[in-house]
Structures are given as structure tokens and as C-alpha cells.
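File shown here: data.cif, holding mmCIF, C-alpha atoms.
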```cif
data_coords
loop_
_atom_site.label_atom_id
_atom_site.label_comp_id
_atom_site.auth_asym_id
_atom_site.auth_seq_id
_atom_site.Cartn_x
_atom_site.Cartn_y
_atom_site.Cartn_z
CA MET A 189 -22.41 6.09 -11.51
CA LYS A 190 -19.26 4.37 -10.29
CA LYS A 191 -17.57 5.80 -7.20
CA PRO A 192 -13.90 6.80 -7.63
CA MET A 193 -11.29 4.80 -5.76
CA SER A 194 -10.32 6.25 -2.39
CA VAL A 195 -6.81 6.63 -0.99
CA GLU A 196 -7.51 3.92 1.57
CA ARG A 197 -8.54 1.39 -1.06
CA ALA A 198 -5.61 2.32 -3.29
CA VAL A 199 -3.18 1.74 -0.40
CA GLU A 200 -4.73 -1.67 0.27
CA ALA A 201 -4.48 -2.58 -3.42
CA PHE A 202 -0.86 -1.38 -3.58
CA ALA A 203 0.10 -3.34 -0.45
CA GLY A 204 -1.50 -6.50 -1.82
CA PHE A 205 0.31 -6.06 -5.13
CA MET A 206 3.65 -5.53 -3.36
CA VAL A 207 3.19 -8.69 -1.27
CA LEU A 208 2.41 -10.76 -4.37
CA LEU A 209 5.32 -9.20 -6.27
CA SER A 210 7.79 -9.77 -3.44
CA VAL A 211 6.73 -13.40 -2.97
CA SER A 212 7.05 -14.00 -6.72
CA LEU A 213 10.52 -12.43 -6.75
CA THR A 214 11.50 -14.55 -3.74
CA VAL A 215 10.41 -17.77 -5.45
CA PHE A 216 11.63 -17.07 -8.97
CA VAL A 217 14.62 -14.73 -8.59
CA SER A 218 16.33 -14.88 -5.21
CA PRO A 219 15.44 -15.75 -1.61
CA ALA A 220 16.84 -12.34 -0.60
CA TRP A 221 13.63 -10.72 -1.94
CA ILE A 222 11.87 -11.99 1.20
CA TRP A 223 13.09 -8.78 2.84
CA LEU A 224 10.73 -6.78 0.62
CA THR A 225 7.87 -8.89 1.98
CA VAL A 226 9.09 -8.21 5.52
CA PHE A 227 9.28 -4.47 4.80
CA VAL A 228 5.74 -4.37 3.40
CA GLY A 229 4.43 -6.36 6.37
CA PHE A 230 6.20 -4.09 8.83
CA ASN A 231 4.74 -1.00 7.12
CA LEU A 232 1.24 -2.46 7.31
CA PHE A 233 1.75 -3.32 10.98
CA GLN A 234 3.07 0.12 11.98
CA GLN A 235 0.37 1.85 9.93
CA SER A 236 -2.33 0.07 11.92
CA PHE A 237 -1.02 1.76 15.08
CA THR A 238 0.21 5.13 13.84
CA GLY A 239 -2.08 5.78 10.89
CA LEU A 240 0.97 6.89 8.89
CA CYS A 241 1.84 5.23 5.61
CA PRO A 242 4.38 6.58 3.11
CA ALA A 243 2.29 5.28 0.21
CA THR A 244 -0.67 7.37 1.40
CA PHE A 245 1.29 10.59 1.02
CA VAL A 246 2.41 9.64 -2.49
CA ILE A 247 -1.06 8.57 -3.61
CA LYS A 248 -2.65 11.76 -2.30
CA LYS A 249 -0.04 14.20 -3.59
CA VAL A 250 1.04 12.62 -6.87
CA LEU A 251 -2.16 10.93 -7.99
CA GLY A 252 -4.52 13.45 -6.40
CA MET A 253 -6.85 10.83 -4.95
CA LYS A 254 -9.27 11.67 -2.15
CA THR A 255 -9.87 9.93 1.16
CA GLU A 256 -13.13 8.14 2.00
CA ALA A 257 -14.13 11.12 4.17
CA GLU A 258 -13.46 13.58 1.34
CA LEU A 259 -15.45 11.47 -1.12
CA ALA A 260 -18.37 11.19 1.32
CA ALA A 261 -18.46 14.98 1.76
CA THR A 262 -18.93 15.58 -1.96
#
```

If you took the structure in this file and wrote it as C-alpha cells, what would it be?
Amino acid sequence: MKKPMSVERAVEAFAGFMVLLSVSLTVFVSPAWIWLTVFVGFNLFQQSFTGLCPATFVIKKVLGMKTEAELAAT
């Protein structure tokens, strides 16, 4: 049986998608989109120190996903 995706993995996937999207927008639309890449990078950097990520709250509350610890407990 396949394990459901955890919040942590979903956040990593979302961050990777946002980086690829922002780089594509920078190349094909406008150089100003580089600021989205900077914002995503800054969020990843601050999350590594604080453990707080806005996307985590959204994924948990809106999508109802569980953390790795919650999945391991079940």
C-alpha cells in the first residue's frame, strides 16, 4: 500500500515548483519575476531556522494533510 504524502514532502514539492515557475517567468515574461525566486529562496532559508512556513499552514488546514510524525503514529 502506498503511503500518503506528508506535509513536509508537499512543502518541498511546492517550493521546487515555485522556483521552476519563477525562473520560467523570469526568462520568458519579464526579468522582474526574479523577485519571486528571491522570495521563495528567502522563505526556504528562514524556514530552516524558525521551522515556520506559510505554505505548511495552508497545506495542513486547507488540504488536511498530515505531518511525517502524524503518519508514523497511525

**Item:** Computed interatomic separation between atom CA of A:Ile222 and atom CA of A:Ser236 (Å)
**Value:**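 Atom-to-atom, atom CA of A:Ile222 to atom CA of A:Ser236, that is 21.5 Å.
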
**Fill in**
Pairwise distance, atom CA of A:Met193 with atom CA of A:Leu213, equals 27.8 Å

**Request:** Let me know the residues the PyMOL selection byres ((chain A and resi 242) around 12) catches in the file above, as a ChimeraX atom specification.
**Result:** /A:195,199,202-203,228,231-232,234-235,238-241,243-249

**Request:** Using atom CA of A:Lys191 and atom CA of A:Leu259 as the two end points, give the distance in Å to one decimal.
**Result:** 8.6 Å

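When all atoms listed in the file are used to measure the gap to A:Leu208, the shortest distance among A:Thr262, A:Glu196, A:Gly229, A:Ala220 belongs to A:Gly229.
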
**Request:** For A:Phe205, list every protein, DNA or RNA residue within 12 Å, evaluated using all atoms listed in the file, and leave out those in the same chain fewer than 5 positions away; present the list as a list in words.
**Result:**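 The contact residues come out as Ala198, Val199, Glu200, Ser210, Val211, Ser212, Leu224, Thr225 and Val228 of chain A.
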
**Item:** Pick from A:Lys254, A:Phe237, A:Val226, A:Pro219, whichever lies nearest to A:Val207 using all atoms listed in the file
**Value:** A:Val226

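Compared by their closest atoms to A:Arg197, and using only C-alpha atoms, the residues A:Phe227, A:Thr255, A:Val217, A:Ala260 rank with A:Thr255 nearest.
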
Regenerate stretch 216-227 of chain A at the level of all heavy atoms and dump it as a PDB file, keeping the file's coordinate frame.
```pdb
ATOM      1  N   PHE A 216      11.064 -16.922  -7.636  1.00  0.00           N
ATOM      2  CA  PHE A 216      11.630 -17.070  -8.970  1.00  0.00           C
ATOM      3  C   PHE A 216      12.973 -16.396  -9.216  1.00  0.00           C
ATOM      4  O   PHE A 216      13.643 -16.709 -10.191  1.00  0.00           O
ATOM      5  CB  PHE A 216      10.619 -16.579 -10.023  1.00  0.00           C
ATOM      6  CG  PHE A 216       9.355 -17.375 -10.044  1.00  0.00           C
ATOM      7  CD1 PHE A 216       8.164 -16.803  -9.658  1.00  0.00           C
ATOM      8  CD2 PHE A 216       9.367 -18.710 -10.425  1.00  0.00           C
ATOM      9  CE1 PHE A 216       6.986 -17.537  -9.672  1.00  0.00           C
ATOM     10  CE2 PHE A 216       8.196 -19.458 -10.440  1.00  0.00           C
ATOM     11  CZ  PHE A 216       7.004 -18.873 -10.057  1.00  0.00           C
ATOM     12  N   VAL A 217      13.371 -15.456  -8.353  1.00  0.00           N
ATOM     13  CA  VAL A 217      14.620 -14.730  -8.590  1.00  0.00           C
ATOM     14  C   VAL A 217      15.662 -15.045  -7.525  1.00  0.00           C
ATOM     15  O   VAL A 217      16.732 -15.565  -7.833  1.00  0.00           O
ATOM     16  CB  VAL A 217      14.374 -13.207  -8.686  1.00  0.00           C
ATOM     17  CG1 VAL A 217      15.682 -12.450  -8.861  1.00  0.00           C
ATOM     18  CG2 VAL A 217      13.416 -12.888  -9.828  1.00  0.00           C
ATOM     19  N   SER A 218      15.352 -14.669  -6.278  1.00  0.00           N
ATOM     20  CA  SER A 218      16.330 -14.880  -5.210  1.00  0.00           C
ATOM     21  C   SER A 218      15.623 -14.870  -3.852  1.00  0.00           C
ATOM     22  O   SER A 218      14.724 -14.052  -3.629  1.00  0.00           O
ATOM     23  CB  SER A 218      17.367 -13.747  -5.234  1.00  0.00           C
ATOM     24  OG  SER A 218      18.142 -13.753  -4.061  1.00  0.00           O
ATOM     25  N   PRO A 219      16.037 -15.737  -2.953  1.00  0.00           N
ATOM     26  CA  PRO A 219      15.440 -15.750  -1.610  1.00  0.00           C
ATOM     27  C   PRO A 219      15.638 -14.418  -0.853  1.00  0.00           C
ATOM     28  O   PRO A 219      14.893 -14.128   0.077  1.00  0.00           O
ATOM     29  CB  PRO A 219      16.179 -16.875  -0.891  1.00  0.00           C
ATOM     30  CG  PRO A 219      16.675 -17.760  -1.973  1.00  0.00           C
ATOM     31  CD  PRO A 219      16.970 -16.861  -3.140  1.00  0.00           C
ATOM     32  N   ALA A 220      16.587 -13.614  -1.273  1.00  0.00           N
ATOM     33  CA  ALA A 220      16.840 -12.340  -0.600  1.00  0.00           C
ATOM     34  C   ALA A 220      15.651 -11.368  -0.737  1.00  0.00           C
ATOM     35  O   ALA A 220      15.508 -10.438   0.062  1.00  0.00           O
ATOM     36  CB  ALA A 220      18.099 -11.689  -1.146  1.00  0.00           C
ATOM     37  N   TRP A 221      14.792 -11.585  -1.742  1.00  0.00           N
ATOM     38  CA  TRP A 221      13.630 -10.720  -1.940  1.00  0.00           C
ATOM     39  C   TRP A 221      12.614 -10.845  -0.801  1.00  0.00           C
ATOM     40  O   TRP A 221      11.690 -10.040  -0.693  1.00  0.00           O
ATOM     41  CB  TRP A 221      12.960 -10.996  -3.272  1.00  0.00           C
ATOM     42  CG  TRP A 221      13.684 -10.362  -4.413  1.00  0.00           C
ATOM     43  CD1 TRP A 221      14.511 -10.972  -5.308  1.00  0.00           C
ATOM     44  CD2 TRP A 221      13.656  -8.983  -4.782  1.00  0.00           C
ATOM     45  NE1 TRP A 221      14.984 -10.063  -6.215  1.00  0.00           N
ATOM     46  CE2 TRP A 221      14.474  -8.827  -5.912  1.00  0.00           C
ATOM     47  CE3 TRP A 221      13.009  -7.854  -4.264  1.00  0.00           C
ATOM     48  CZ2 TRP A 221      14.681  -7.605  -6.528  1.00  0.00           C
ATOM     49  CZ3 TRP A 221      13.204  -6.635  -4.885  1.00  0.00           C
ATOM     50  CH2 TRP A 221      14.031  -6.516  -5.996  1.00  0.00           C
ATOM     51  N   ILE A 222      12.780 -11.841   0.063  1.00  0.00           N
ATOM     52  CA  ILE A 222      11.870 -11.990   1.200  1.00  0.00           C
ATOM     53  C   ILE A 222      11.882 -10.744   2.072  1.00  0.00           C
ATOM     54  O   ILE A 222      10.900 -10.410   2.733  1.00  0.00           O
ATOM     55  CB  ILE A 222      12.203 -13.259   2.021  1.00  0.00           C
ATOM     56  CG1 ILE A 222      11.063 -13.610   2.979  1.00  0.00           C
ATOM     57  CG2 ILE A 222      13.490 -13.080   2.817  1.00  0.00           C
ATOM     58  CD1 ILE A 222       9.841 -14.130   2.301  1.00  0.00           C
ATOM     59  N   TRP A 223      13.001 -10.001   2.031  1.00  0.00           N
ATOM     60  CA  TRP A 223      13.090  -8.780   2.840  1.00  0.00           C
ATOM     61  C   TRP A 223      12.116  -7.701   2.368  1.00  0.00           C
ATOM     62  O   TRP A 223      11.669  -6.883   3.166  1.00  0.00           O
ATOM     63  CB  TRP A 223      14.532  -8.258   2.865  1.00  0.00           C
ATOM     64  CG  TRP A 223      15.394  -9.178   3.672  1.00  0.00           C
ATOM     65  CD1 TRP A 223      16.325 -10.049   3.201  1.00  0.00           C
ATOM     66  CD2 TRP A 223      15.344  -9.351   5.086  1.00  0.00           C
ATOM     67  NE1 TRP A 223      16.869 -10.757   4.239  1.00  0.00           N
ATOM     68  CE2 TRP A 223      16.295 -10.341   5.403  1.00  0.00           C
ATOM     69  CE3 TRP A 223      14.609  -8.771   6.101  1.00  0.00           C
ATOM     70  CZ2 TRP A 223      16.502 -10.769   6.714  1.00  0.00           C
ATOM     71  CZ3 TRP A 223      14.821  -9.193   7.407  1.00  0.00           C
ATOM     72  CH2 TRP A 223      15.759 -10.184   7.700  1.00  0.00           C
ATOM     73  N   LEU A 224      11.763  -7.717   1.097  1.00  0.00           N
ATOM     74  CA  LEU A 224      10.730  -6.780   0.620  1.00  0.00           C
ATOM     75  C   LEU A 224       9.383  -7.153   1.244  1.00  0.00           C
ATOM     76  O   LEU A 224       8.625  -6.270   1.660  1.00  0.00           O
ATOM     77  CB  LEU A 224      10.644  -6.795  -0.904  1.00  0.00           C
ATOM     78  CG  LEU A 224       9.591  -5.877  -1.522  1.00  0.00           C
ATOM     79  CD1 LEU A 224       9.797  -4.425  -1.110  1.00  0.00           C
ATOM     80  CD2 LEU A 224       9.609  -6.008  -3.042  1.00  0.00           C
ATOM     81  N   THR A 225       9.100  -8.438   1.333  1.00  0.00           N
ATOM     82  CA  THR A 225       7.870  -8.890   1.980  1.00  0.00           C
ATOM     83  C   THR A 225       7.855  -8.467   3.447  1.00  0.00           C
ATOM     84  O   THR A 225       6.829  -7.997   3.956  1.00  0.00           O
ATOM     85  CB  THR A 225       7.734 -10.425   1.884  1.00  0.00           C
ATOM     86  OG1 THR A 225       7.956 -10.826   0.539  1.00  0.00           O
ATOM     87  CG2 THR A 225       6.381 -10.896   2.349  1.00  0.00           C
ATOM     88  N   VAL A 226       8.976  -8.616   4.117  1.00  0.00           N
ATOM     89  CA  VAL A 226       9.090  -8.210   5.520  1.00  0.00           C
ATOM     90  C   VAL A 226       8.861  -6.700   5.651  1.00  0.00           C
ATOM     91  O   VAL A 226       8.138  -6.243   6.544  1.00  0.00           O
ATOM     92  CB  VAL A 226      10.472  -8.606   6.092  1.00  0.00           C
ATOM     93  CG1 VAL A 226      10.692  -8.005   7.470  1.00  0.00           C
ATOM     94  CG2 VAL A 226      10.606 -10.119   6.123  1.00  0.00           C
ATOM     95  N   PHE A 227       9.441  -5.920   4.764  1.00  0.00           N
ATOM     96  CA  PHE A 227       9.280  -4.470   4.800  1.00  0.00           C
ATOM     97  C   PHE A 227       7.821  -4.070   4.611  1.00  0.00           C
ATOM     98  O   PHE A 227       7.298  -3.224   5.342  1.00  0.00           O
ATOM     99  CB  PHE A 227      10.152  -3.821   3.716  1.00  0.00           C
ATOM    100  CG  PHE A 227       9.984  -2.343   3.607  1.00  0.00           C
ATOM    101  CD1 PHE A 227      10.508  -1.495   4.567  1.00  0.00           C
ATOM    102  CD2 PHE A 227       9.293  -1.789   2.540  1.00  0.00           C
ATOM    103  CE1 PHE A 227      10.346  -0.121   4.473  1.00  0.00           C
ATOM    104  CE2 PHE A 227       9.119  -0.421   2.431  1.00  0.00           C
ATOM    105  CZ  PHE A 227       9.652   0.417   3.400  1.00  0.00           C
TER     106      PHE A 227
END
```
